[in-house]
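Engineer: Here it is, the structure in full.
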Amino acid sequence: MTLSIYNTLNRTKEPFQPLNPNRVGMYVCGPTVYDFAHIGNARPVIVFDVLFRLLKALYPTVVYVRNITDVDDKIIKKSEETGEPIRAITERTARAFHDDMAALGALPPSVEPRATDHIAEMIEIAQRLIEKGYAYEAEGHVLFNVPAMDDYGRLSNLDRDSIVAGARVEVAGYKKDPADFVLWKPSTDDQPGWESPWGRGRPGWHIECSAMSGKYLGVTFDIHGGGQDLIFPHHENEIAQSTCAHGAPFVRYWMHNGYLMVEGEKMSKSLGNFITVRELRGEAPGEAIRMAMLSTHYRQPIDWTRKGLQQAKDALDRFYGALRANADIEAAGSEIPAAVKDALCDDLNTPAAIAAMHEIVGRLNKAESRSEKSLVKGDLMASAEVLGLLQQDPEAWFKWAPESTGEAVGLSDADIDRLIEERKAARKAKDFAAADRIRDDLKAQGIVLEDGPQGTSWKRG
RNA sequence: GGCGCGGUGGCGGAGUGGCUACGCAGCGGCCUGCAAAGCCGUGAACGCCGGUUCGAUUCCGGCCCGCGCCUCCA
């Protein structure tokens with residue numbers, strides 16, 4: 001089965017045909033590093049990580065570029081508010097981002113360019129746009145002239161008039177057209193800035209993605225992803241900049257993940273329901289967060305709930321339980337099973353792929369011979385890898401404890417093992433009352449015991 | 001106002017013009033000292049009203065409800 005992708009540009013599912021099958025290129029808009037990543041930021045990272053893994057399984061080379069935006073007015077504002085130097089903010093936040101995304105099981109992209117390392121490329125694009133008559137200088141700004149481009153608004157399905165009519169911000173007087181947007185803007189002495197043909201200044205937001213995607217993937221490349229909220233204006237403006245500057249098509253397949261709500265409400269700072277990945281990692285393993293995210297198709301809206309996260313964790317308990325029961329079996333083969341591959345090739349249908357994994361887990365639990373177990377375990381591990389799941393040791397999974405439990409409050413692993421030994425002795429002596437008392441005490445502290453053929457194992461509920 | 005998305009069983013969530021995933025929860029059974037886990041079995045749904053059709057949850061039209069975007073929020 002060949003990969004098909006829903007292309008926002010044409011609003012249909014299309015067979016994926018890479019420009020060069022030996023080198024597939026994809027670009028995803030990365031974070032602006034001024035604060036911890038929230039759960040909405042995590043969605044595209046996880047979704048496009050699965051796509052990256054799938055593409056790597058299908059094609060010999062995949063170049064995945066995800067930028068870091070380290071020059072932005074929000075960063076400047078943060079620095080003004082806190083007094084922390086800009087460079088310190090961006091470095092610290094980028095590190096936290098990497099740490100969070102790794103915890104969510106996301107592979108690092110092939111290239112992770114920083115905006116501040118590509119100012120020269122941005123200036124060059126702006127200059128080229130001026131030369132070709134698509135942009136103009138005004139009061140130290142360089143602006144893209146929207147009416148100069150024929151089919152501006154195709155991706156977002158907006159025409160210039162409705163953009164202008166819907167504008168919520170007062171239009172600056174130096175703009176030729178109200179829809180024009182900034183490529184370069186002047187900086188004051190206390191703002192970060194770089195020398196340019198238009199004086200000391202800094203880039204607009206959209207230009208960086210055009211510069212960095214062009215540098216690492218070429219003027220025309222295969223896939224560009226991001227959240228639906230970036231369709232307008234960010235991606236629309238990237239298209240305008242890149243196609244007009246290079247006179248060539250830009251992106252062949254545009255992919256956008258759906259929105260995320262929290263407990264039925266839009267996540268916003270004013271509602272106080274802003275959830276950072278950091279916070280959530282204290283409540284559940286990163287892999288459970290990933291599982292919850294992949295349990296809904298990427299284009300559907302997600303309502304993020306505590307209950308949903310718990311359900312994801314329970315599902316992973318079932319998967320890891322099967323692995324723990326077959327810990328001594330070596331997985332055979334590395335081919336992705338057809339059901340999982342077909343699901344993912346159908347526009348990244350991760351819920352269907354997870355359903356197929358449940359079926360495989362059922363077969364693993366039922367398998368009788370070692371050779372059968374080995375084959376089925378191979379199917380499971382290959383499926384898990386492309387989804388970025390089941391990448392840790394089952395014992396480690398079951399021993400995961402929430403931060404709030406803490407060492408002082410909760411039982412240590414050694415304490416638990418000691419109590420299990422005590423209970424074993426009691427059971428041997430047929431003192432079931434004592435044995436059950438130990439089990440009940442542990443259960444009250446969130447530790448569930450399971451007696452199996454190889455002895456007693458435990459997990460944190 | 002313009003553009004767009006969603007409404008599936010108790011819950012989460014795929015999908016399909018007829019054979020109605022998958023998981024959790026429930027119920028019955030096997031297993032177990034008893035449990036847990038696992039296995040077997042089982043009930044339960046497609047917002048409303050029309051239309052097309054032999055037949056619609058699936059296609060078309062209208063309506064209701066929820067949500068998003070319309071210059072820098074993934």
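Here, A, B, ... name the chains of the structure tokens in the order displayed, residue numbers run from 1 inside each chain, and ligands are numbered from 1 in the same displayed order.
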Within 6 Å of chain B, which residues of chain A show up? Give each one with its shortest atom-to-atom distance in Å (one decimal) and the two atoms involved, counting only C-alpha atoms (C1' of nucleotides), rows by chain then rising residue number, as CSV.

Structural biologist:
residue,atom,partner,partner_atom,distance
A:Gly40,CA,B:A74,C1',5.4
A:Asn41,CA,B:A74,C1',4.5
A:Ile163,CA,B:C70,C1',5.6
A:Gly166,CA,B:C70,C1',5.1
A:Gly227,CA,B:A74,C1',4.6
A:Ala352,CA,B:A14,C1',5.8
A:Ala355,CA,B:C22,C1',4.5
A:Glu450,CA,B:A36,C1',5.1

Engineer: Could you turn the residues from that selection into a file that holds N, CA and C atoms, as a PDB file, in the first residue's frame?

Structural biologist:
ATOM      1  N   GLY A  40      -0.416  21.685  23.524  1.00  0.00           N
ATOM      2  CA  GLY A  40      -0.736  21.981  22.130  1.00  0.00           C
ATOM      3  C   GLY A  40       0.499  22.009  21.248  1.00  0.00           C
ATOM      4  N   ASN A  41       1.616  22.423  21.794  1.00  0.00           N
ATOM      5  CA  ASN A  41       2.871  22.392  21.044  1.00  0.00           C
ATOM      6  C   ASN A  41       3.328  20.965  20.788  1.00  0.00           C
ATOM      7  N   ILE A 163      -9.416  39.155   4.056  1.00  0.00           N
ATOM      8  CA  ILE A 163      -8.318  39.326   5.007  1.00  0.00           C
ATOM      9  C   ILE A 163      -8.311  40.754   5.535  1.00  0.00           C
ATOM     10  N   GLY A 166     -11.311  41.444   7.755  1.00  0.00           N
ATOM     11  CA  GLY A 166     -11.307  40.789   9.057  1.00  0.00           C
ATOM     12  C   GLY A 166     -10.168  41.237   9.951  1.00  0.00           C
ATOM     13  N   GLY A 227       0.568  23.123  12.814  1.00  0.00           N
ATOM     14  CA  GLY A 227      -0.794  23.164  13.334  1.00  0.00           C
ATOM     15  C   GLY A 227      -1.720  23.941  12.413  1.00  0.00           C
ATOM     16  N   ALA A 352      -6.303   3.553  14.063  1.00  0.00           N
ATOM     17  CA  ALA A 352      -6.466   2.236  13.444  1.00  0.00           C
ATOM     18  C   ALA A 352      -5.195   1.409  13.645  1.00  0.00           C
ATOM     19  N   ALA A 355      -5.302   0.101  17.095  1.00  0.00           N
ATOM     20  CA  ALA A 355      -6.258  -1.009  17.161  1.00  0.00           C
ATOM     21  C   ALA A 355      -5.605  -2.291  16.651  1.00  0.00           C
ATOM     22  N   GLU A 450       0.649  -9.016  41.045  1.00  0.00           N
ATOM     23  CA  GLU A 450       0.128 -10.013  40.119  1.00  0.00           C
ATOM     24  C   GLU A 450       0.975 -11.269  40.265  1.00  0.00           C
TER      25      GLU A 450
END

Engineer: Could you give me, as an mmCIF file with N, CA and C atoms, in the first residue's frame, each residue of segment 138-363 of chain A that DSSP assigns to alpha helix (DSSP H) when run on this structure's backbone?

Structural biologist:
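Produced file result35.cif, reproduced below:
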data_model
loop_
_atom_site.group_PDB
_atom_site.id
_atom_site.type_symbol
_atom_site.label_atom_id
_atom_site.label_comp_id
_atom_site.auth_asym_id
_atom_site.auth_seq_id
_atom_site.Cartn_x
_atom_site.Cartn_y
_atom_site.Cartn_z
ATOM 1 N N ARG A 160 -7.931 38.446 -0.590
ATOM 2 C CA ARG A 160 -7.367 39.638 0.004
ATOM 3 C C ARG A 160 -8.424 40.477 0.709
ATOM 4 N N ASP A 161 -9.597 40.597 0.086
ATOM 5 C CA ASP A 161 -10.630 41.454 0.654
ATOM 6 C C ASP A 161 -11.087 40.972 2.020
ATOM 7 N N SER A 162 -11.265 39.662 2.160
ATOM 8 C CA SER A 162 -11.759 39.187 3.446
ATOM 9 C C SER A 162 -10.658 39.270 4.497
ATOM 10 N N ILE A 163 -9.416 39.155 4.056
ATOM 11 C CA ILE A 163 -8.318 39.326 5.007
ATOM 12 C C ILE A 163 -8.311 40.754 5.535
ATOM 13 N N VAL A 164 -8.461 41.669 4.616
ATOM 14 C CA VAL A 164 -8.454 43.076 5.002
ATOM 15 C C VAL A 164 -9.674 43.396 5.864
ATOM 16 N N ALA A 165 -10.824 42.870 5.451
ATOM 17 C CA ALA A 165 -12.059 43.144 6.189
ATOM 18 C C ALA A 165 -12.005 42.584 7.607
ATOM 19 N N GLY A 166 -11.311 41.444 7.755
ATOM 20 C CA GLY A 166 -11.307 40.789 9.057
ATOM 21 C C GLY A 166 -10.168 41.237 9.951
ATOM 22 N N TRP A 205 8.451 37.280 11.110
ATOM 23 C CA TRP A 205 8.303 35.895 11.550
ATOM 24 C C TRP A 205 8.376 34.896 10.387
ATOM 25 N N HIS A 206 7.657 35.172 9.313
ATOM 26 C CA HIS A 206 7.479 34.162 8.262
ATOM 27 C C HIS A 206 8.750 33.882 7.473
ATOM 28 N N ILE A 207 9.592 34.896 7.349
ATOM 29 C CA ILE A 207 10.742 34.805 6.447
ATOM 30 C C ILE A 207 11.725 33.714 6.886
ATOM 31 N N GLU A 208 11.779 33.456 8.197
ATOM 32 C CA GLU A 208 12.778 32.491 8.652
ATOM 33 C C GLU A 208 12.509 31.090 8.120
ATOM 34 N N CYS A 209 11.218 30.713 8.062
ATOM 35 C CA CYS A 209 10.911 29.366 7.583
ATOM 36 C C CYS A 209 11.208 29.231 6.090
ATOM 37 N N SER A 210 10.960 30.307 5.338
ATOM 38 C CA SER A 210 11.301 30.275 3.912
ATOM 39 C C SER A 210 12.812 30.128 3.737
ATOM 40 N N ALA A 211 13.571 30.849 4.560
ATOM 41 C CA ALA A 211 15.033 30.824 4.432
ATOM 42 C C ALA A 211 15.600 29.451 4.802
ATOM 43 N N MET A 212 15.121 28.917 5.915
ATOM 44 C CA MET A 212 15.728 27.672 6.406
ATOM 45 C C MET A 212 15.252 26.455 5.627
ATOM 46 N N SER A 213 13.989 26.428 5.224
ATOM 47 C CA SER A 213 13.539 25.285 4.428
ATOM 48 C C SER A 213 14.270 25.278 3.092
ATOM 49 N N GLY A 214 14.420 26.470 2.488
ATOM 50 C CA GLY A 214 15.112 26.552 1.208
ATOM 51 C C GLY A 214 16.555 26.094 1.314
ATOM 52 N N LYS A 215 17.207 26.488 2.396
ATOM 53 C CA LYS A 215 18.614 26.140 2.558
ATOM 54 C C LYS A 215 18.827 24.628 2.706
ATOM 55 N N TYR A 216 17.973 23.990 3.500
ATOM 56 C CA TYR A 216 18.233 22.577 3.799
ATOM 57 C C TYR A 216 17.452 21.594 2.926
ATOM 58 N N LEU A 217 16.399 22.070 2.282
ATOM 59 C CA LEU A 217 15.577 21.135 1.504
ATOM 60 C C LEU A 217 15.469 21.514 0.031
ATOM 61 N N GLU A 236 0.646 30.673 4.614
ATOM 62 C CA GLU A 236 0.265 31.430 3.413
ATOM 63 C C GLU A 236 1.401 32.376 3.020
ATOM 64 N N ASN A 237 1.987 33.012 4.004
ATOM 65 C CA ASN A 237 3.048 33.975 3.727
ATOM 66 C C ASN A 237 4.362 33.301 3.345
ATOM 67 N N GLU A 238 4.600 32.132 3.905
ATOM 68 C CA GLU A 238 5.775 31.369 3.474
ATOM 69 C C GLU A 238 5.675 31.048 1.991
ATOM 70 N N ILE A 239 4.478 30.617 1.593
ATOM 71 C CA ILE A 239 4.274 30.284 0.175
ATOM 72 C C ILE A 239 4.546 31.513 -0.689
ATOM 73 N N ALA A 240 3.993 32.636 -0.267
ATOM 74 C CA ALA A 240 4.171 33.866 -1.041
ATOM 75 C C ALA A 240 5.659 34.206 -1.174
ATOM 76 N N GLN A 241 6.379 34.176 -0.063
ATOM 77 C CA GLN A 241 7.794 34.540 -0.071
ATOM 78 C C GLN A 241 8.610 33.592 -0.942
ATOM 79 N N SER A 242 8.419 32.310 -0.716
ATOM 80 C CA SER A 242 9.280 31.331 -1.371
ATOM 81 C C SER A 242 8.989 31.228 -2.864
ATOM 82 N N THR A 243 7.729 31.149 -3.221
ATOM 83 C CA THR A 243 7.445 31.004 -4.657
ATOM 84 C C THR A 243 7.838 32.264 -5.407
ATOM 85 N N CYS A 244 7.581 33.433 -4.837
ATOM 86 C CA CYS A 244 7.912 34.670 -5.548
ATOM 87 C C CYS A 244 9.420 34.902 -5.604
ATOM 88 N N ALA A 245 10.127 34.536 -4.556
ATOM 89 C CA ALA A 245 11.569 34.747 -4.546
ATOM 90 C C ALA A 245 12.271 33.809 -5.519
ATOM 91 N N HIS A 246 11.810 32.568 -5.567
ATOM 92 C CA HIS A 246 12.536 31.571 -6.357
ATOM 93 C C HIS A 246 11.901 31.318 -7.721
ATOM 94 N N VAL A 277 3.920 20.551 29.040
ATOM 95 C CA VAL A 277 4.390 19.168 28.979
ATOM 96 C C VAL A 277 5.130 18.843 30.280
ATOM 97 N N ARG A 278 5.883 19.809 30.761
ATOM 98 C CA ARG A 278 6.604 19.670 32.019
ATOM 99 C C ARG A 278 5.705 19.174 33.160
ATOM 100 N N GLU A 279 4.605 19.906 33.325
ATOM 101 C CA GLU A 279 3.635 19.573 34.380
ATOM 102 C C GLU A 279 3.114 18.155 34.226
ATOM 103 N N LEU A 280 2.718 17.854 32.994
ATOM 104 C CA LEU A 280 2.086 16.568 32.709
ATOM 105 C C LEU A 280 3.051 15.413 32.954
ATOM 106 N N ARG A 281 4.324 15.660 32.695
ATOM 107 C CA ARG A 281 5.326 14.615 32.895
ATOM 108 C C ARG A 281 5.451 14.245 34.367
ATOM 109 N N GLY A 286 5.812 10.105 29.912
ATOM 110 C CA GLY A 286 5.757 10.776 28.617
ATOM 111 C C GLY A 286 5.116 9.904 27.551
ATOM 112 N N GLU A 287 5.362 8.625 27.647
ATOM 113 C CA GLU A 287 4.814 7.727 26.635
ATOM 114 C C GLU A 287 3.288 7.666 26.692
ATOM 115 N N ALA A 288 2.726 7.831 27.869
ATOM 116 C CA ALA A 288 1.260 7.853 27.987
ATOM 117 C C ALA A 288 0.701 9.101 27.317
ATOM 118 N N ILE A 289 1.436 10.214 27.434
ATOM 119 C CA ILE A 289 1.020 11.443 26.763
ATOM 120 C C ILE A 289 1.028 11.220 25.255
ATOM 121 N N ARG A 290 2.084 10.590 24.795
ATOM 122 C CA ARG A 290 2.186 10.284 23.367
ATOM 123 C C ARG A 290 1.038 9.386 22.908
ATOM 124 N N MET A 291 0.774 8.344 23.679
ATOM 125 C CA MET A 291 -0.299 7.404 23.351
ATOM 126 C C MET A 291 -1.644 8.127 23.288
ATOM 127 N N ALA A 292 -1.893 8.993 24.247
ATOM 128 C CA ALA A 292 -3.160 9.739 24.255
ATOM 129 C C ALA A 292 -3.274 10.587 22.993
ATOM 130 N N MET A 293 -2.175 11.186 22.600
ATOM 131 C CA MET A 293 -2.173 12.034 21.415
ATOM 132 C C MET A 293 -2.440 11.211 20.160
ATOM 133 N N LEU A 294 -1.842 10.034 20.074
ATOM 134 C CA LEU A 294 -1.964 9.228 18.861
ATOM 135 C C LEU A 294 -3.269 8.440 18.816
ATOM 136 N N ARG A 306 -7.969 14.471 31.638
ATOM 137 C CA ARG A 306 -7.264 13.595 32.556
ATOM 138 C C ARG A 306 -7.665 12.146 32.335
ATOM 139 N N LYS A 307 -8.939 11.967 32.078
ATOM 140 C CA LYS A 307 -9.464 10.624 31.865
ATOM 141 C C LYS A 307 -8.853 9.993 30.606
ATOM 142 N N GLY A 308 -8.735 10.803 29.564
ATOM 143 C CA GLY A 308 -8.151 10.305 28.323
ATOM 144 C C GLY A 308 -6.708 9.877 28.526
ATOM 145 N N LEU A 309 -5.984 10.642 29.308
ATOM 146 C CA LEU A 309 -4.592 10.311 29.597
ATOM 147 C C LEU A 309 -4.514 9.001 30.385
ATOM 148 N N GLN A 310 -5.429 8.823 31.320
ATOM 149 C CA GLN A 310 -5.473 7.590 32.096
ATOM 150 C C GLN A 310 -5.792 6.393 31.193
ATOM 151 N N GLN A 311 -6.723 6.586 30.260
ATOM 152 C CA GLN A 311 -7.068 5.495 29.336
ATOM 153 C C GLN A 311 -5.864 5.112 28.483
ATOM 154 N N ALA A 312 -5.112 6.106 28.077
ATOM 155 C CA ALA A 312 -3.914 5.830 27.278
ATOM 156 C C ALA A 312 -2.910 5.031 28.106
ATOM 157 N N LYS A 313 -2.768 5.410 29.363
ATOM 158 C CA LYS A 313 -1.844 4.709 30.249
ATOM 159 C C LYS A 313 -2.306 3.258 30.444
ATOM 160 N N ASP A 314 -3.598 3.061 30.615
ATOM 161 C CA ASP A 314 -4.138 1.708 30.788
ATOM 162 C C ASP A 314 -3.881 0.842 29.554
ATOM 163 N N ALA A 315 -4.043 1.449 28.382
ATOM 164 C CA ALA A 315 -3.809 0.694 27.150
ATOM 165 C C ALA A 315 -2.343 0.269 27.080
ATOM 166 N N LEU A 316 -1.438 1.173 27.475
ATOM 167 C CA LEU A 316 -0.015 0.832 27.456
ATOM 168 C C LEU A 316 0.299 -0.225 28.510
ATOM 169 N N ASP A 317 -0.429 -0.218 29.623
ATOM 170 C CA ASP A 317 -0.263 -1.270 30.627
ATOM 171 C C ASP A 317 -0.524 -2.644 29.995
ATOM 172 N N ARG A 318 -1.560 -2.692 29.167
ATOM 173 C CA ARG A 318 -1.886 -3.957 28.496
ATOM 174 C C ARG A 318 -0.752 -4.374 27.566
ATOM 175 N N PHE A 319 -0.217 -3.423 26.797
ATOM 176 C CA PHE A 319 0.873 -3.733 25.872
ATOM 177 C C PHE A 319 2.115 -4.195 26.651
ATOM 178 N N TYR A 320 2.483 -3.400 27.642
ATOM 179 C CA TYR A 320 3.691 -3.734 28.402
ATOM 180 C C TYR A 320 3.503 -5.008 29.210
ATOM 181 N N GLY A 321 2.251 -5.275 29.605
ATOM 182 C CA GLY A 321 1.981 -6.516 30.325
ATOM 183 C C GLY A 321 2.298 -7.726 29.466
ATOM 184 N N ALA A 322 1.933 -7.644 28.208
ATOM 185 C CA ALA A 322 2.221 -8.739 27.280
ATOM 186 C C ALA A 322 3.728 -8.882 27.085
ATOM 187 N N LEU A 323 4.422 -7.750 27.039
ATOM 188 C CA LEU A 323 5.883 -7.811 26.864
ATOM 189 C C LEU A 323 6.549 -8.384 28.109
ATOM 190 N N ARG A 324 6.038 -7.986 29.280
ATOM 191 C CA ARG A 324 6.639 -8.498 30.513
ATOM 192 C C ARG A 324 6.439 -10.000 30.625
ATOM 193 N N ALA A 325 5.254 -10.452 30.226
ATOM 194 C CA ALA A 325 4.977 -11.886 30.296
ATOM 195 C C ALA A 325 5.836 -12.675 29.316
ATOM 196 N N ALA A 338 1.222 -5.743 8.047
ATOM 197 C CA ALA A 338 0.423 -5.079 7.012
ATOM 198 C C ALA A 338 -0.681 -4.202 7.598
ATOM 199 N N ALA A 339 -1.356 -4.686 8.632
ATOM 200 C CA ALA A 339 -2.488 -3.927 9.169
ATOM 201 C C ALA A 339 -2.031 -2.580 9.718
ATOM 202 N N VAL A 340 -0.877 -2.581 10.361
ATOM 203 C CA VAL A 340 -0.359 -1.346 10.935
ATOM 204 C C VAL A 340 0.138 -0.428 9.824
ATOM 205 N N LYS A 341 0.856 -1.014 8.894
ATOM 206 C CA LYS A 341 1.402 -0.207 7.799
ATOM 207 C C LYS A 341 0.277 0.401 6.957
ATOM 208 N N ASP A 342 -0.728 -0.408 6.644
ATOM 209 C CA ASP A 342 -1.841 0.112 5.837
ATOM 210 C C ASP A 342 -2.547 1.264 6.548
ATOM 211 N N ALA A 343 -2.719 1.108 7.846
ATOM 212 C CA ALA A 343 -3.400 2.163 8.606
ATOM 213 C C ALA A 343 -2.589 3.456 8.552
ATOM 214 N N LEU A 344 -1.292 3.358 8.780
ATOM 215 C CA LEU A 344 -0.469 4.562 8.796
ATOM 216 C C LEU A 344 -0.333 5.160 7.404
ATOM 217 N N CYS A 345 -0.321 4.292 6.399
ATOM 218 C CA CYS A 345 -0.209 4.799 5.027
ATOM 219 C C CYS A 345 -1.500 5.474 4.585
ATOM 220 N N THR A 350 -3.412 6.742 12.939
ATOM 221 C CA THR A 350 -2.814 6.134 14.137
ATOM 222 C C THR A 350 -3.828 5.390 15.016
ATOM 223 N N PRO A 351 -5.084 5.845 15.139
ATOM 224 C CA PRO A 351 -6.020 5.056 15.957
ATOM 225 C C PRO A 351 -6.233 3.660 15.381
ATOM 226 N N ALA A 352 -6.303 3.553 14.063
ATOM 227 C CA ALA A 352 -6.466 2.236 13.444
ATOM 228 C C ALA A 352 -5.195 1.409 13.645
ATOM 229 N N ALA A 353 -4.045 2.057 13.598
ATOM 230 C CA ALA A 353 -2.788 1.339 13.813
ATOM 231 C C ALA A 353 -2.717 0.810 15.251
ATOM 232 N N ILE A 354 -3.182 1.610 16.185
ATOM 233 C CA ILE A 354 -3.176 1.176 17.581
ATOM 234 C C ILE A 354 -4.166 0.027 17.784
ATOM 235 N N ALA A 355 -5.302 0.101 17.095
ATOM 236 C CA ALA A 355 -6.258 -1.009 17.161
ATOM 237 C C ALA A 355 -5.605 -2.291 16.651
ATOM 238 N N ALA A 356 -4.827 -2.181 15.581
ATOM 239 C CA ALA A 356 -4.131 -3.351 15.042
ATOM 240 C C ALA A 356 -3.118 -3.877 16.058
ATOM 241 N N MET A 357 -2.498 -2.977 16.797
ATOM 242 C CA MET A 357 -1.554 -3.416 17.829
ATOM 243 C C MET A 357 -2.274 -4.177 18.940
ATOM 244 N N HIS A 358 -3.476 -3.750 19.264
ATOM 245 C CA HIS A 358 -4.251 -4.488 20.268
ATOM 246 C C HIS A 358 -4.496 -5.920 19.801
ATOM 247 N N GLU A 359 -4.777 -6.068 18.535
ATOM 248 C CA GLU A 359 -5.018 -7.403 17.983
ATOM 249 C C GLU A 359 -3.740 -8.244 18.088
ATOM 250 N N ILE A 360 -2.601 -7.616 17.808
ATOM 251 C CA ILE A 360 -1.317 -8.322 17.882
ATOM 252 C C ILE A 360 -1.026 -8.717 19.336
ATOM 253 N N VAL A 361 -1.304 -7.816 20.272
ATOM 254 C CA VAL A 361 -1.079 -8.109 21.690
ATOM 255 C C VAL A 361 -1.944 -9.296 22.116
ATOM 256 N N GLY A 362 -3.184 -9.320 21.605
ATOM 257 C CA GLY A 362 -4.060 -10.453 21.906
ATOM 258 C C GLY A 362 -3.448 -11.753 21.420
ATOM 259 N N ARG A 363 -2.871 -11.721 20.238
ATOM 260 C CA ARG A 363 -2.242 -12.931 19.686
ATOM 261 C C ARG A 363 -1.014 -13.324 20.503
#

Engineer: What's the 12 Å shell around A56 of chain B, counting only C-alpha atoms (C1' of nucleotides), without same-chain residues fewer than 5 positions away, as a list of chain:residue names?

Structural biologist: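 My reading of the contact set: B:U16, B:G17, B:G18, B:C46, B:G51.
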
Engineer: Any chance you could export the current selection's C-alpha atoms (C1' of nucleotides) as a PDB file, in the first residue's frame?

Structural biologist:
ATOM      1  C1'   U B  16     -18.221   1.847   5.881  1.00  0.00           C
ATOM      2  C1'   G B  17     -23.923   2.311   0.690  1.00  0.00           C
ATOM      3  C1'   G B  18     -25.892  -3.759   2.857  1.00  0.00           C
ATOM      4  C1'   C B  46     -24.165   6.456  14.365  1.00  0.00           C
ATOM      5  C1'   G B  51     -34.240  13.441  -0.537  1.00  0.00           C
TER       6        G B  51
END

Engineer: Could you tell me how far atom CA of Asp328 of chain A lies from atom CA of Ser371 of chain A, in Å and to one decimal?

Structural biologist: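 According to the coordinates, atom CA of Asp328 of chain A and atom CA of Ser371 of chain A are separated by 12.1 Å.
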
Engineer: Go through A:Arg418, A:Arg66, A:Arg95, A:Arg154 and flag the residue nearest Pro113 of chain A, using only C-alpha atoms for the distances.

Structural biologist: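 So, comparing all the options, the nearest one is A:Arg66.
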
Engineer: So that I can check the surroundings of segment 419-433 of chain A, please list as a PyMOL selection string every protein, DNA and RNA residue that reaches within 9 Å of it, counting only C-alpha atoms (C1' of nucleotides) and ignoring chain neighbours fewer than 5 positions away.

Structural biologist: (chain A and resi 414+438-439+442+449+455-458) or (chain B and resi 33-34)

Engineer: Skipping near chain neighbours, those fewer than 3 positions away, what residues fall within 8 Å of Ile5 of chain A using only C-alpha atoms (C1' of nucleotides), listed as a ChimeraX atom specification?

Structural biologist: /A:13-16,253,255,345-348

Engineer: Using only C-alpha atoms, please write the residues we just selected to a file, as a short mmCIF file (atom, residue, chain, number, x, y, z; two decimals), in the first residue's frame.

Structural biologist:
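The file below, selection.cif, is the result:
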data_model
loop_
_atom_site.label_atom_id
_atom_site.label_comp_id
_atom_site.auth_asym_id
_atom_site.auth_seq_id
_atom_site.Cartn_x
_atom_site.Cartn_y
_atom_site.Cartn_z
CA LYS A 13 -6.30 12.81 0.23
CA GLU A 14 -3.62 12.27 -2.41
CA PRO A 15 -1.08 9.53 -3.13
CA PHE A 16 2.32 10.68 -1.92
CA TYR A 253 2.04 18.47 0.36
CA MET A 255 -0.24 18.81 6.33
CA CYS A 345 -0.21 4.80 5.03
CA ASP A 346 -3.83 5.89 4.96
CA ASP A 347 -3.11 9.48 5.94
CA LEU A 348 -1.49 8.50 9.22
#

Engineer: Please measure the separation of atom CA of Asp440 of chain A and atom CA of Pro285 of chain A, giving the value in Å to one decimal.

Structural biologist: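 If I compute the distance from atom CA of Asp440 of chain A to atom CA of Pro285 of chain A, I get 25.0 Å.
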
Engineer: Pick out each residue of segment 92-248 of chain A that DSSP on the backbone tags as strand (DSSP E); I need them as a list in words.

Structural biologist: Ala135, Tyr136, Glu137, Ala138, His141, Val142, Leu143, Phe144, Phe181, Val182, Leu183, Trp184, Lys185, Pro186, Gly201, Arg202, Pro203, Phe221, Asp222, Ile223, His224, Gly225, Gly226 and Gly227 of chain A
